[in-house]
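Peer 1: Below is target-v8.txt; it holds compact mmCIF, C-alpha atoms.
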# COMPACT_ATOMS: atom_id res chain seq x y z
CA MET A 1 -28.38 68.67 -116.11
CA PRO A 2 -27.32 64.99 -116.31
CA ARG A 3 -24.13 64.04 -118.12
CA ILE A 4 -24.41 62.60 -121.62
CA ALA A 5 -24.00 58.83 -121.58
CA LYS A 6 -20.83 58.07 -123.48
CA PRO A 7 -17.45 56.37 -122.94
CA ARG A 8 -14.86 58.49 -121.17
CA TRP A 9 -11.11 58.08 -120.70
CA ASN A 10 -9.83 57.66 -117.12
CA ALA A 11 -6.28 59.04 -117.14
CA SER A 12 -5.31 57.64 -113.73
CA ARG A 13 -6.32 54.05 -114.55
CA ARG A 14 -5.52 54.31 -118.27
CA ARG A 15 -8.87 52.76 -119.15
CA TRP A 16 -12.10 53.76 -120.87
CA TYR A 17 -15.15 53.71 -118.62
CA GLY A 18 -18.85 54.46 -118.74
CA ASN A 19 -21.96 54.54 -116.56
CA VAL A 20 -24.66 51.95 -117.32
CA GLY A 21 -27.68 50.36 -115.71
CA GLU A 22 -30.43 51.85 -113.58
CA ARG A 23 -29.93 55.10 -111.68
CA ASP A 24 -29.58 54.86 -107.91
CA ASP A 25 -31.17 57.19 -105.33
CA ASN A 26 -28.54 59.83 -106.14
CA GLY A 27 -29.23 59.65 -109.86
CA ARG A 28 -25.99 57.88 -110.69
CA ARG A 29 -25.54 54.78 -112.79
CA ARG A 30 -23.11 51.92 -112.22
CA GLU A 31 -19.53 52.62 -113.34
CA VAL A 32 -17.87 49.96 -115.51
CA PHE A 33 -14.42 49.87 -117.14
CA ALA A 34 -13.48 48.71 -120.63
CA PRO A 35 -10.77 46.11 -121.30
CA ALA A 36 -7.23 47.45 -121.04
CA GLU A 37 -6.60 46.50 -124.69
CA ILE A 38 -8.70 49.46 -125.88
CA GLY A 39 -6.21 52.30 -126.06
CA GLU A 40 -6.74 56.00 -125.51
CA ARG A 41 -6.97 56.72 -129.27
CA ASP A 42 -9.37 53.82 -130.01
CA GLU A 43 -12.56 55.79 -129.40
CA ALA A 44 -14.46 53.80 -132.02
CA LYS A 45 -13.73 50.56 -130.16
CA ALA A 46 -14.62 52.29 -126.92
CA TRP A 47 -18.04 53.20 -128.32
CA GLU A 48 -18.55 49.63 -129.50
CA TRP A 49 -17.70 48.34 -126.04
CA PHE A 50 -19.93 50.96 -124.39
CA LYS A 51 -22.98 50.04 -126.47
CA THR A 52 -22.46 46.40 -125.56
CA ALA A 53 -22.15 47.33 -121.88
CA GLN A 54 -25.36 49.37 -122.07
CA SER A 55 -27.24 46.37 -123.39
CA ARG A 56 -26.32 44.43 -120.24
CA ASP A 57 -28.85 46.29 -118.16
CA ARG A 58 -29.61 45.02 -114.63
CA THR A 59 -33.32 45.01 -115.48
CA VAL A 60 -32.66 42.33 -118.10
CA LYS A 61 -31.70 38.98 -116.67
CA PRO A 62 -28.18 38.20 -117.90
CA GLN A 63 -27.58 35.00 -119.81
CA ALA A 64 -25.20 32.45 -118.33
CA SER A 65 -23.04 32.38 -121.45
CA GLY A 66 -22.58 36.16 -121.49
CA LEU A 67 -22.11 36.71 -117.76
CA LEU A 68 -18.69 38.32 -117.35
CA ALA A 69 -16.71 38.59 -114.13
CA ASP A 70 -16.79 42.38 -114.09
CA MET A 71 -20.59 42.29 -114.46
CA VAL A 72 -20.83 40.19 -111.28
CA CYS A 73 -18.48 42.62 -109.52
CA GLY A 74 -20.68 45.53 -110.59
CA TYR A 75 -23.88 43.87 -109.40
CA TYR A 76 -22.26 42.98 -106.09
CA LEU A 77 -21.03 46.55 -105.54
CA THR A 78 -24.49 47.91 -106.33
CA TRP A 79 -25.88 45.67 -103.59
CA ALA A 80 -23.02 46.61 -101.23
CA LYS A 81 -23.69 50.30 -101.84
CA ARG A 82 -27.30 49.85 -100.71
CA GLN A 83 -26.00 48.08 -97.61
CA ARG A 84 -23.71 51.03 -96.94
CA ASP A 85 -26.49 53.60 -97.45
CA GLU A 86 -28.71 51.67 -95.02
CA GLY A 87 -25.96 51.68 -92.37
CA LYS A 88 -25.38 47.92 -92.60
CA LEU A 89 -21.89 48.27 -94.08
CA ALA A 90 -19.15 50.68 -93.00
CA PRO A 91 -18.10 53.19 -95.70
CA SER A 92 -14.47 52.16 -95.29
CA GLU A 93 -15.39 48.49 -95.83
CA PHE A 94 -17.35 49.37 -98.96
CA ALA A 95 -14.36 51.35 -100.27
CA ASN A 96 -12.12 48.34 -99.67
CA LYS A 97 -14.52 46.05 -101.55
CA ALA A 98 -14.61 48.43 -104.51
CA ARG A 99 -10.82 48.68 -104.54
CA HIS A 100 -10.36 44.90 -104.33
CA LEU A 101 -12.84 44.15 -107.10
CA GLY A 102 -11.29 46.86 -109.27
CA ILE A 103 -7.95 45.04 -109.04
CA PHE A 104 -9.66 41.76 -109.94
CA SER A 105 -11.57 43.27 -112.88
CA ASP A 106 -8.37 44.71 -114.32
CA GLN A 107 -7.00 41.18 -114.62
CA LEU A 108 -9.94 38.81 -115.10
CA GLY A 109 -12.95 41.06 -115.54
CA GLN A 110 -13.52 40.16 -119.21
CA ARG A 111 -13.58 36.41 -118.53
CA ALA A 112 -16.93 34.64 -118.66
CA VAL A 113 -17.71 33.55 -115.13
CA ARG A 114 -18.50 29.98 -116.13
CA THR A 115 -14.97 29.62 -117.60
CA LEU A 116 -13.23 30.59 -114.35
CA GLU A 117 -11.50 27.84 -112.39
CA PRO A 118 -9.98 27.65 -108.88
CA ASN A 119 -6.49 27.75 -110.39
CA ASP A 120 -7.30 31.09 -112.04
CA LEU A 121 -7.82 32.79 -108.69
CA THR A 122 -4.90 30.91 -107.15
CA ASP A 123 -2.59 32.25 -109.88
CA PHE A 124 -4.18 35.70 -109.56
CA GLY A 125 -3.37 35.72 -105.84
CA VAL A 126 0.23 34.69 -106.52
CA ASP A 127 0.61 37.53 -109.06
CA LEU A 128 -0.66 40.03 -106.48
CA LEU A 129 2.32 39.23 -104.25
CA ASP A 130 4.55 41.15 -106.70
CA PHE A 131 2.77 44.38 -105.72
CA TYR A 132 1.02 43.82 -102.37
CA THR A 133 1.61 42.20 -98.99
CA PRO A 134 0.40 38.59 -98.48
CA THR A 135 -2.35 39.83 -96.15
CA TYR A 136 -3.68 42.34 -98.67
CA ALA A 137 -3.50 39.81 -101.51
CA ARG A 138 -5.44 37.33 -99.39
CA ASN A 139 -8.08 39.99 -98.60
CA VAL A 140 -8.52 40.77 -102.33
CA CYS A 141 -9.13 37.10 -103.07
CA ALA A 142 -11.57 36.87 -100.16
CA THR A 143 -13.59 39.79 -101.56
CA VAL A 144 -13.75 38.11 -104.98
CA ARG A 145 -14.96 34.90 -103.36
CA ALA A 146 -17.60 36.84 -101.39
CA ALA A 147 -18.86 38.52 -104.58
CA LEU A 148 -19.23 35.20 -106.39
CA ASN A 149 -20.89 33.55 -103.39
CA TRP A 150 -23.36 36.44 -103.30
CA ALA A 151 -24.05 35.99 -107.03
CA VAL A 152 -24.90 32.34 -106.42
CA ARG A 153 -27.47 33.35 -103.80
CA ASP A 154 -28.94 36.15 -105.95
CA LYS A 155 -31.96 34.78 -107.83
CA GLU A 156 -31.58 37.16 -110.79
CA ILE A 157 -28.05 36.04 -111.68
CA PRO A 158 -27.75 32.71 -113.57
CA LEU A 159 -24.92 31.26 -111.51
CA ASP A 160 -25.52 27.88 -109.88
CA ALA A 161 -22.16 27.44 -108.14
CA ASN A 162 -19.06 29.43 -107.30
CA PRO A 163 -16.57 28.45 -110.05
CA ILE A 164 -13.48 29.35 -108.00
CA GLN A 165 -14.49 27.39 -104.89
CA GLY A 166 -11.47 25.53 -103.59
CA PHE A 167 -8.81 27.99 -104.73
CA LYS A 168 -5.66 28.40 -102.63
CA ALA A 169 -5.32 31.85 -101.11
CA PRO A 170 -1.84 33.38 -100.73
CA MET A 171 -0.10 32.12 -97.61
CA ILE A 172 0.45 34.67 -94.86
CA PRO A 173 3.87 34.15 -93.25
CA ARG A 174 4.14 34.10 -89.49
CA SER A 175 3.99 37.64 -88.17
CA PRO A 176 7.46 39.07 -87.40
CA ALA A 177 8.21 39.93 -83.81
CA ARG A 178 6.29 43.00 -82.71
CA PHE A 179 6.95 44.24 -79.22
CA ALA A 180 6.80 47.72 -77.72
CA GLU A 181 8.97 48.53 -74.73
CA ARG A 182 7.32 50.25 -71.76
CA ALA A 183 9.46 53.38 -72.34
CA GLU A 184 8.23 53.58 -75.94
CA ALA A 185 4.57 53.49 -74.91
CA ALA A 186 5.24 56.10 -72.20
CA ALA A 187 6.96 58.46 -74.65
CA PHE A 188 4.15 58.07 -77.17
CA LEU A 189 1.42 58.78 -74.61
CA ALA A 190 3.33 61.68 -73.06
CA HIS A 191 3.78 63.38 -76.42
CA TRP A 192 0.11 62.86 -77.27
CA ARG A 193 -0.90 64.34 -73.91
CA THR A 194 0.97 67.61 -74.55
CA ARG A 195 0.14 68.13 -78.23
CA SER A 196 -3.23 69.87 -77.82
CA LYS A 197 -4.83 72.25 -75.36
CA ARG A 198 -7.13 70.64 -72.85
CA LYS A 199 -9.98 73.18 -72.96
CA THR A 200 -10.38 73.54 -76.73
CA ILE A 201 -12.95 71.50 -78.65
CA THR A 202 -10.18 69.84 -80.65
CA GLY A 203 -8.32 69.12 -77.42
CA LYS A 204 -11.35 67.35 -75.91
CA TYR A 205 -11.65 64.99 -78.88
CA ASP A 206 -7.89 64.48 -78.93
CA ARG A 207 -7.67 63.55 -75.26
CA LEU A 208 -10.61 61.16 -75.65
CA THR A 209 -8.67 59.41 -78.41
CA LEU A 210 -5.66 59.40 -76.11
CA LEU A 211 -7.75 57.46 -73.59
CA LEU A 212 -8.61 55.00 -76.36
CA GLU A 213 -4.88 54.48 -76.98
CA ARG A 214 -4.27 53.95 -73.27
CA ILE A 215 -6.91 51.22 -73.22
CA LEU A 216 -5.40 49.57 -76.30
CA ILE A 217 -2.03 49.44 -74.54
CA ARG A 218 -3.37 48.16 -71.21
CA THR A 219 -5.88 45.60 -72.48
CA GLY A 220 -4.53 44.33 -75.81
CA ALA A 221 -7.98 44.83 -77.34
CA ARG A 222 -8.44 45.11 -81.09
CA PRO A 223 -8.73 48.74 -82.28
CA GLY A 224 -12.02 47.97 -84.02
CA GLU A 225 -13.57 46.70 -80.77
CA LEU A 226 -12.96 50.00 -78.99
CA CYS A 227 -13.89 52.10 -82.03
CA LYS A 228 -17.42 50.68 -81.81
CA LEU A 229 -17.68 50.56 -78.02
CA GLN A 230 -20.96 51.89 -76.60
CA TRP A 231 -21.72 53.21 -73.13
CA GLY A 232 -24.34 50.48 -72.79
CA ASP A 233 -21.61 47.86 -73.15
CA ILE A 234 -19.85 48.96 -69.96
CA VAL A 235 -20.61 47.27 -66.64
CA TRP A 236 -19.22 49.68 -64.06
CA LYS A 237 -18.93 47.15 -61.24
CA GLY A 238 -17.91 44.32 -63.49
CA TRP A 239 -15.10 42.74 -61.48
CA GLN A 240 -12.92 43.21 -58.43
CA THR A 241 -9.14 43.07 -58.06
CA THR A 242 -7.48 40.95 -55.39
CA SER A 243 -6.77 44.17 -53.47
CA GLY A 244 -10.48 45.03 -53.40
CA HIS A 245 -10.75 47.67 -56.17
CA ALA A 246 -14.05 47.63 -58.05
CA CYS A 247 -13.38 47.84 -61.80
CA ALA A 248 -15.44 48.13 -64.96
CA LYS A 249 -15.58 45.76 -67.87
CA ALA A 250 -17.06 45.97 -71.37
CA VAL A 251 -19.32 43.21 -72.69
CA ILE A 252 -19.58 43.59 -76.47
CA PRO A 253 -22.41 41.66 -78.22
CA PRO A 254 -21.36 38.90 -80.65
CA GLU A 255 -22.48 40.84 -83.73
CA ARG A 256 -20.10 43.75 -82.97
CA TRP A 257 -16.74 42.05 -82.70
CA LYS A 258 -14.55 40.05 -85.08
CA ALA A 259 -15.11 36.43 -84.02
CA GLY A 260 -18.52 36.91 -82.42
CA LYS A 261 -20.46 35.72 -85.46
CA VAL A 262 -18.49 32.47 -85.40
CA THR A 263 -18.39 31.78 -81.66
CA GLY A 264 -21.74 33.34 -80.76
CA LYS A 265 -20.13 34.66 -77.56
CA PRO A 266 -19.82 38.25 -76.34
CA ARG A 267 -16.39 39.83 -76.07
CA THR A 268 -15.36 40.85 -72.55
CA ILE A 269 -12.68 43.50 -71.98
CA TYR A 270 -11.50 44.10 -68.41
CA PHE A 271 -10.46 47.62 -67.44
CA THR A 272 -7.85 48.39 -64.78
CA PRO A 273 -8.72 50.66 -61.83
CA SER A 274 -7.04 53.69 -63.46
CA LEU A 275 -8.85 53.11 -66.77
CA THR A 276 -12.13 52.66 -64.90
CA ARG A 277 -11.68 56.04 -63.19
CA ALA A 278 -10.83 57.72 -66.50
CA LEU A 279 -13.89 56.26 -68.25
CA ARG A 280 -16.12 57.23 -65.32
CA ARG A 281 -14.86 60.84 -65.49
CA VAL A 282 -15.68 61.01 -69.19
CA PHE A 283 -19.10 59.45 -68.63
CA GLU A 284 -20.06 61.83 -65.79
CA ARG A 285 -18.37 65.09 -66.83
CA SER A 286 -17.45 65.30 -70.49
CA ARG A 287 -19.39 62.80 -72.55
CA LEU A 288 -19.20 63.81 -76.22
CA HIS A 289 -21.86 61.37 -77.45
CA PRO A 290 -24.85 59.79 -75.66
CA GLU A 291 -24.29 56.35 -77.23
CA TRP A 292 -20.68 55.93 -78.42
CA VAL A 293 -17.78 56.02 -75.98
CA PHE A 294 -15.09 57.11 -78.45
CA VAL A 295 -15.90 59.68 -81.12
CA HIS A 296 -13.63 61.70 -83.37
CA GLY A 297 -13.19 65.39 -84.15
CA ARG A 298 -12.34 64.80 -87.79
CA GLY A 299 -13.84 66.74 -90.70
CA ARG A 300 -13.48 70.22 -92.09
CA GLY A 301 -14.77 73.14 -90.08
CA GLY A 302 -16.28 70.77 -87.54
CA ALA A 303 -18.44 69.03 -90.15
CA GLY A 304 -18.53 65.32 -89.43
CA ALA A 305 -17.11 65.68 -85.94
CA GLY A 306 -18.70 63.80 -83.07
CA GLY A 307 -19.28 60.57 -84.97
CA PRO A 308 -17.91 57.17 -83.94
CA TRP A 309 -14.71 55.85 -85.47
CA GLU A 310 -15.68 53.62 -88.39
CA SER A 311 -12.87 51.13 -87.90
CA GLY A 312 -9.36 50.63 -86.64
CA SER A 313 -7.94 51.57 -90.05
CA VAL A 314 -9.47 55.06 -89.77
CA LEU A 315 -8.09 55.44 -86.24
CA SER A 316 -4.66 54.42 -87.54
CA LYS A 317 -4.46 57.63 -89.58
CA THR A 318 -4.51 59.66 -86.37
CA THR A 319 -1.91 57.38 -84.78
CA LEU A 320 0.30 57.80 -87.85
CA LYS A 321 0.02 61.57 -87.56
CA VAL A 322 1.02 61.59 -83.88
CA ARG A 323 3.87 59.14 -84.53
CA ARG A 324 5.33 61.38 -87.23
CA GLU A 325 4.96 64.43 -85.01
CA LEU A 326 6.85 62.67 -82.21
CA ILE A 327 9.66 61.55 -84.53
CA ALA A 328 9.98 65.10 -85.93
CA TRP A 329 10.09 66.51 -82.37
CA GLN A 330 12.78 64.00 -81.40
CA ALA A 331 14.87 65.06 -84.41
CA GLU A 332 14.46 68.72 -83.45
CA VAL A 333 15.60 68.05 -79.85
CA ALA A 334 18.57 66.03 -81.13
CA GLU A 335 19.62 68.98 -83.30
CA ARG A 336 19.42 71.31 -80.31
CA ILE A 337 21.57 68.96 -78.23
CA LYS A 338 24.08 68.66 -81.07
CA ALA A 339 24.28 72.46 -81.30
CA GLY A 340 25.10 72.67 -77.60
CA ALA A 341 21.75 74.11 -76.49
CA VAL A 342 20.43 73.39 -73.01
CA VAL A 343 17.44 71.05 -73.00
CA LYS A 344 15.29 69.82 -70.15
CA PRO A 345 16.09 66.36 -68.72
CA TRP A 346 12.72 64.94 -69.76
CA GLU A 347 13.23 66.24 -73.32
CA SER A 348 16.60 64.53 -73.59
CA LYS A 349 15.20 61.30 -72.19
CA ARG A 350 12.14 61.22 -74.44
CA ALA A 351 14.16 62.16 -77.53
CA GLY A 352 16.47 59.21 -76.92
CA ILE A 353 13.72 56.58 -77.12
CA ALA A 354 13.65 54.83 -80.51
CA ILE A 355 10.33 55.30 -82.31
CA LEU A 356 10.25 53.53 -85.67
CA ASN A 357 8.33 54.99 -88.60
CA VAL A 358 8.97 52.11 -91.03
CA GLY A 359 9.41 48.35 -90.81
CA HIS A 360 7.37 45.58 -89.22
CA ASN A 361 8.06 46.87 -85.70
CA ARG A 362 6.97 50.44 -86.39
CA LEU A 363 4.57 52.03 -83.96
CA VAL A 364 1.03 51.08 -84.99
CA ASN A 365 -2.11 50.34 -82.99
CA TYR A 366 -2.11 46.57 -83.51
CA ARG A 367 1.40 46.39 -82.07
CA TRP A 368 -0.04 47.05 -78.60
CA ARG A 369 -2.06 43.82 -78.97
CA HIS A 370 1.03 41.83 -79.91
CA THR A 371 2.84 43.32 -76.91
CA ALA A 372 0.05 42.55 -74.44
CA ILE A 373 -0.27 38.91 -75.53
CA SER A 374 3.50 38.38 -75.59
CA THR A 375 3.80 39.90 -72.11
CA LEU A 376 1.15 37.55 -70.74
CA LEU A 377 3.00 34.60 -72.27
CA MET A 378 6.29 35.65 -70.64
CA LEU A 379 4.50 36.12 -67.31
CA GLY A 380 3.60 32.44 -67.41
CA VAL A 381 -0.15 32.74 -68.11
CA ASP A 382 -1.42 29.67 -69.97
CA VAL A 383 -2.36 30.03 -73.62
CA ALA A 384 -6.03 29.07 -73.16
CA THR A 385 -6.52 31.87 -70.61
CA ILE A 386 -4.74 34.41 -72.82
CA ALA A 387 -6.90 33.41 -75.80
CA GLU A 388 -10.11 33.85 -73.79
CA LEU A 389 -8.93 37.15 -72.29
CA THR A 390 -7.95 38.69 -75.63
CA GLY A 391 -10.74 37.27 -77.80
CA THR A 392 -8.69 35.01 -80.06
CA SER A 393 -7.77 31.34 -80.40
CA PRO A 394 -4.76 29.42 -79.05
CA ASP A 395 -3.67 28.71 -82.64
CA MET A 396 -3.54 32.44 -83.43
CA ILE A 397 -1.40 33.06 -80.36
CA TYR A 398 1.08 30.39 -81.46
CA LYS A 399 1.09 31.45 -85.11
CA HIS A 400 0.64 35.21 -84.98
CA TYR A 401 0.67 37.06 -81.67
CA GLY A 402 3.05 35.32 -79.30
CA HIS A 403 6.63 36.62 -79.42
CA LEU A 404 9.20 35.73 -76.75
CA LEU A 405 11.96 38.28 -76.19
CA ASP A 406 15.55 37.12 -76.31
CA SER A 407 16.05 38.31 -72.72
CA HIS A 408 13.17 36.03 -71.64
CA LEU A 409 14.70 33.06 -73.47
CA GLN A 410 18.08 33.79 -71.88
CA SER A 411 16.47 33.78 -68.44
CA ALA A 412 14.78 30.45 -69.20
CA ALA A 413 18.10 29.01 -70.39
CA GLU A 414 19.75 30.16 -67.16
CA ARG A 415 17.04 28.53 -65.05
CA LEU A 416 17.43 25.32 -67.06
CA ALA A 417 21.17 25.32 -66.49
CA GLY A 418 20.72 26.11 -62.80
CA GLY A 419 18.31 23.23 -62.35
CA ARG A 420 20.82 20.61 -63.49
CA ARG A 421 23.74 19.21 -61.62
CA SER A 422 27.11 19.94 -63.14
CA SER A 423 28.76 16.83 -64.57
Could you take the file, read its structure, and then write that structure out as structure tokens?

Peer 2:
Amino acid sequence: MPRIAKPRWNASRRRWYGNVGERDDNGRRREVFAPAEIGERDEAKAWEWFKTAQSRDRTVKPQASGLLADMVCGYYLTWAKRQRDEGKLAPSEFANKARHLGIFSDQLGQRAVRTLEPNDLTDFGVDLLDFYTPTYARNVCATVRAALNWAVRDKEIPLDANPIQGFKAPMIPRSPARFAERAEAAAFLAHWRTRSKRKTITGKYDRLTLLLERILIRTGARPGELCKLQWGDIVWKGWQTTSGHACAKAVIPPERWKAGKVTGKPRTIYFTPSLTRALRRVFERSRLHPEWVFVHGRGRGGAGAGGPWESGSVLSKTTLKVRRELIAWQAEVAERIKAGAVVKPWESKRAGIAILNVGHNRLVNYRWRHTAISTLLMLGVDVATIAELTGTSPDMIYKHYGHLLDSHLQSAAERLAGGRRSS
């Protein structure tokens, strides 16, 4: 039996809300929220707002004068939901859009769209910095801009131009130094390797994800690129090392990697001989999916297992879990050592490696990319080659990825001093 259409109080958001518009394929209507000024005890005002919201049905073309910002957000999310249901939009990306537009609607949702100005979104972005990181604040503003651009293109919405075009998004400061030492990567991989049994179903998925991590460390690829990697992307005899080893490479079509839609070029990832052998073993002996290279074992009771990772942000949850397990294990070994217990040499060594759980240099997947690019810089590889190899631009390497260790700078200073004659 369907729920009675009426305004309801959302305790978590402290707002009245209701469902209006046409029903979707699941029989659900679009969810809209009332202005924050209507308090929990103002049910009469909530009903007045709800009746007004019901009159703004999607089947009736909205008037330009009465087109509110939260209405545009609702229409855009309805379209985005269809894109998600058709497989054209990742569920995690849809969830992010809904979250971003919810934040925007809380602040400016009751403004008529035609009254919005670029400065309104600029100030909104600045206010977000009190609660969110610059990157997240910038992403929220980008989603708002995308929703309004979509509304301009939609023939049923009376919006001729994007009113906030030209706003200034929050500035993202230069990324702080992120660099993982070789011992840190080794400790992380070693702990992951011993955390699950090889022959169990869970262990098979876990070790496949471990291989994904190894490739992230060795190649500096973006997590999202490997999450969506397909067996058809791999060229098994793609290149040859100077010592004569035949190695594989992945050629990802432009539409399936971050900058591909802009450059129109495929993304090429070169695998080392050891990674090539590991991928070949999976392909020939233990493939878990006929199309996708890396699939997960997530879900309850096996439900949902075997599907591809949606994005790098979903993969990060598994990395976070392993990182916390490793830090807890290190603390347990440290307590045993403090109590005078005998521990194995490898336990003592691994427990002594600093693994950060907080801060900008904490162990996360994208840190491997920073490390790979910084290492190439310190090896003397030119920036243009690094940019092409890692699928980014020279500007991004200068502004975001490239970090020179103090030890490297000291060595350069010593060479500079050694190259001059003493006065």

Peer 1: So the first atom is CA of Phe294 (chain A) and the second is CA of Leu216 (chain A); what is the distance between them in Å, to one decimal place?

Peer 2: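 Interatomic distance, CA of Phe294 (chain A) to CA of Leu216 (chain A): 12.5 Å.
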
Peer 1: Between CA of Ala53 (chain A) and CA of Arg30 (chain A), what is the distance in Å, rounded to a tenth?

Peer 2: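 It comes out at 10.7 Å.
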
Peer 1: Quote the spacing between CA of Ala328 (chain A) and CA of Tyr136 (chain A) in Å to one decimal place.

Peer 2: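 Interatomic distance here is 29.4 Å.
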
Peer 1: Calculated over only C-alpha atoms, which of the candidates A:Phe50, A:Phe104, A:Trp9, A:Tyr398 has the smallest distance to Gly74 (chain A)?

Peer 2: A:Phe104

Peer 1: Using all atoms listed in the file and a cutoff of 12 Å, can you tell me which residues are near (-24.0, 51.3, -98.4) in the file's coordinates, and write them out as an mmCIF file with C-alpha atoms, keeping the file's coordinate frame?

Peer 2:
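Produced file selection.cif, reproduced below:
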data_model
loop_
_atom_site.group_PDB
_atom_site.id
_atom_site.type_symbol
_atom_site.label_atom_id
_atom_site.label_comp_id
_atom_site.auth_asym_id
_atom_site.auth_seq_id
_atom_site.Cartn_x
_atom_site.Cartn_y
_atom_site.Cartn_z
ATOM 1 C CA ASP A 24 -29.580 54.860 -107.910
ATOM 2 C CA ASP A 25 -31.170 57.190 -105.330
ATOM 3 C CA TYR A 76 -22.260 42.980 -106.090
ATOM 4 C CA LEU A 77 -21.030 46.550 -105.540
ATOM 5 C CA THR A 78 -24.490 47.910 -106.330
ATOM 6 C CA TRP A 79 -25.880 45.670 -103.590
ATOM 7 C CA ALA A 80 -23.020 46.610 -101.230
ATOM 8 C CA LYS A 81 -23.690 50.300 -101.840
ATOM 9 C CA ARG A 82 -27.300 49.850 -100.710
ATOM 10 C CA GLN A 83 -26.000 48.080 -97.610
ATOM 11 C CA ARG A 84 -23.710 51.030 -96.940
ATOM 12 C CA ASP A 85 -26.490 53.600 -97.450
ATOM 13 C CA GLU A 86 -28.710 51.670 -95.020
ATOM 14 C CA GLY A 87 -25.960 51.680 -92.370
ATOM 15 C CA LYS A 88 -25.380 47.920 -92.600
ATOM 16 C CA LEU A 89 -21.890 48.270 -94.080
ATOM 17 C CA ALA A 90 -19.150 50.680 -93.000
ATOM 18 C CA PRO A 91 -18.100 53.190 -95.700
ATOM 19 C CA SER A 92 -14.470 52.160 -95.290
ATOM 20 C CA GLU A 93 -15.390 48.490 -95.830
ATOM 21 C CA PHE A 94 -17.350 49.370 -98.960
ATOM 22 C CA ALA A 95 -14.360 51.350 -100.270
ATOM 23 C CA LYS A 97 -14.520 46.050 -101.550
ATOM 24 C CA ALA A 98 -14.610 48.430 -104.510
#

Peer 1: Give me, as a ChimeraX atom specification, all polymer residues having an atom no more than 9 Å from Arg256 (chain A), counting all atoms listed in the file and skipping those fewer than 6 positions away in the same chain.

Peer 2: /A:225,228-229,266-267

Peer 1: Near Arg277 (chain A), counting all atoms listed in the file, which residues have an atom at most 10 Å away, once you skip same-chain residues fewer than 5 positions from it, shown as number ranges by chain?

Peer 2: A: 236, 247-248, 271-272, 282-283

Peer 1: Hey, what's within 10 Å of Val72 (chain A) if we count all atoms listed in the file and toss same-chain stuff fewer than 2 positions away? As a ChimeraX atom specification, please?

Peer 2: /A:67-70,74-78,101,105,109,113,144,147-148,150-151,157,159

Peer 1: When you count all atoms listed in the file, which of these residues is closest to Ser316 (chain A): A:Pro223, A:Gly102, A:Gly166, A:Pro134?

Peer 2: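 Looking at the shortest contact to Ser316 (chain A), the residue is A:Pro223.
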
Peer 1: Of the residues A:Ala341, A:Ile355, A:Val333, A:Ala413, which is the one nearest to Ala186 (chain A), using all atoms listed in the file?

Peer 2: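 Using all atoms listed in the file, Ala186 (chain A) sits closest to A:Ile355.
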
Peer 1: Give me the residues near Gly307 (chain A) as a short mmCIF file (atom, residue, chain, number, x, y, z; two decimals) with C-alpha atoms, keeping the file's coordinate frame, where near means some atom within 9 Å (using only C-alpha atoms) and where sequence neighbours in that chain fewer than 5 positions away do not count.

Peer 2:
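Final output, saved to out_12.cif:
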data_model
loop_
_atom_site.label_atom_id
_atom_site.label_comp_id
_atom_site.auth_asym_id
_atom_site.auth_seq_id
_atom_site.Cartn_x
_atom_site.Cartn_y
_atom_site.Cartn_z
CA HIS A 289 -21.86 61.37 -77.45
CA TRP A 292 -20.68 55.93 -78.42
CA PHE A 294 -15.09 57.11 -78.45
CA VAL A 295 -15.90 59.68 -81.12
CA HIS A 296 -13.63 61.70 -83.37
CA GLY A 297 -13.19 65.39 -84.15
CA ARG A 298 -12.34 64.80 -87.79
#

Peer 1: Taking into account all atoms listed in the file, which residue in the set A:Lys344, A:Thr318, A:Thr268, A:Asn139 is nearest to Glu388 (chain A)?

Peer 2: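 That would be A:Thr268, the residue with the smallest distance to Glu388 (chain A).
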
Peer 1: Could you name the residues that touch Ile38 (chain A) at 12 Å or less, counting all atoms listed in the file, but leaving out those on the same chain fewer than 2 positions away, as a list in words?

Peer 2: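 Listed by chain and then number, they are Pro7, Arg8, Trp9, Arg14, Arg15, Trp16, Tyr17, Phe33, Ala34, Pro35, Ala36, Glu40, Arg41, Asp42, Glu43, Ala44, Lys45, Ala46, Trp47, Glu48, Trp49 and Phe50 of chain A.
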
Peer 1: Write a file of the just-selected residues containing C-alpha atoms, as a short mmCIF file (atom, residue, chain, number, x, y, z; two decimals), in the frame of the given file.

Peer 2:
data_model
loop_
_atom_site.label_atom_id
_atom_site.label_comp_id
_atom_site.auth_asym_id
_atom_site.auth_seq_id
_atom_site.Cartn_x
_atom_site.Cartn_y
_atom_site.Cartn_z
CA PRO A 7 -17.45 56.37 -122.94
CA ARG A 8 -14.86 58.49 -121.17
CA TRP A 9 -11.11 58.08 -120.70
CA ARG A 14 -5.52 54.31 -118.27
CA ARG A 15 -8.87 52.76 -119.15
CA TRP A 16 -12.10 53.76 -120.87
CA TYR A 17 -15.15 53.71 -118.62
CA PHE A 33 -14.42 49.87 -117.14
CA ALA A 34 -13.48 48.71 -120.63
CA PRO A 35 -10.77 46.11 -121.30
CA ALA A 36 -7.23 47.45 -121.04
CA GLU A 40 -6.74 56.00 -125.51
CA ARG A 41 -6.97 56.72 -129.27
CA ASP A 42 -9.37 53.82 -130.01
CA GLU A 43 -12.56 55.79 -129.40
CA ALA A 44 -14.46 53.80 -132.02
CA LYS A 45 -13.73 50.56 -130.16
CA ALA A 46 -14.62 52.29 -126.92
CA TRP A 47 -18.04 53.20 -128.32
CA GLU A 48 -18.55 49.63 -129.50
CA TRP A 49 -17.70 48.34 -126.04
CA PHE A 50 -19.93 50.96 -124.39
#
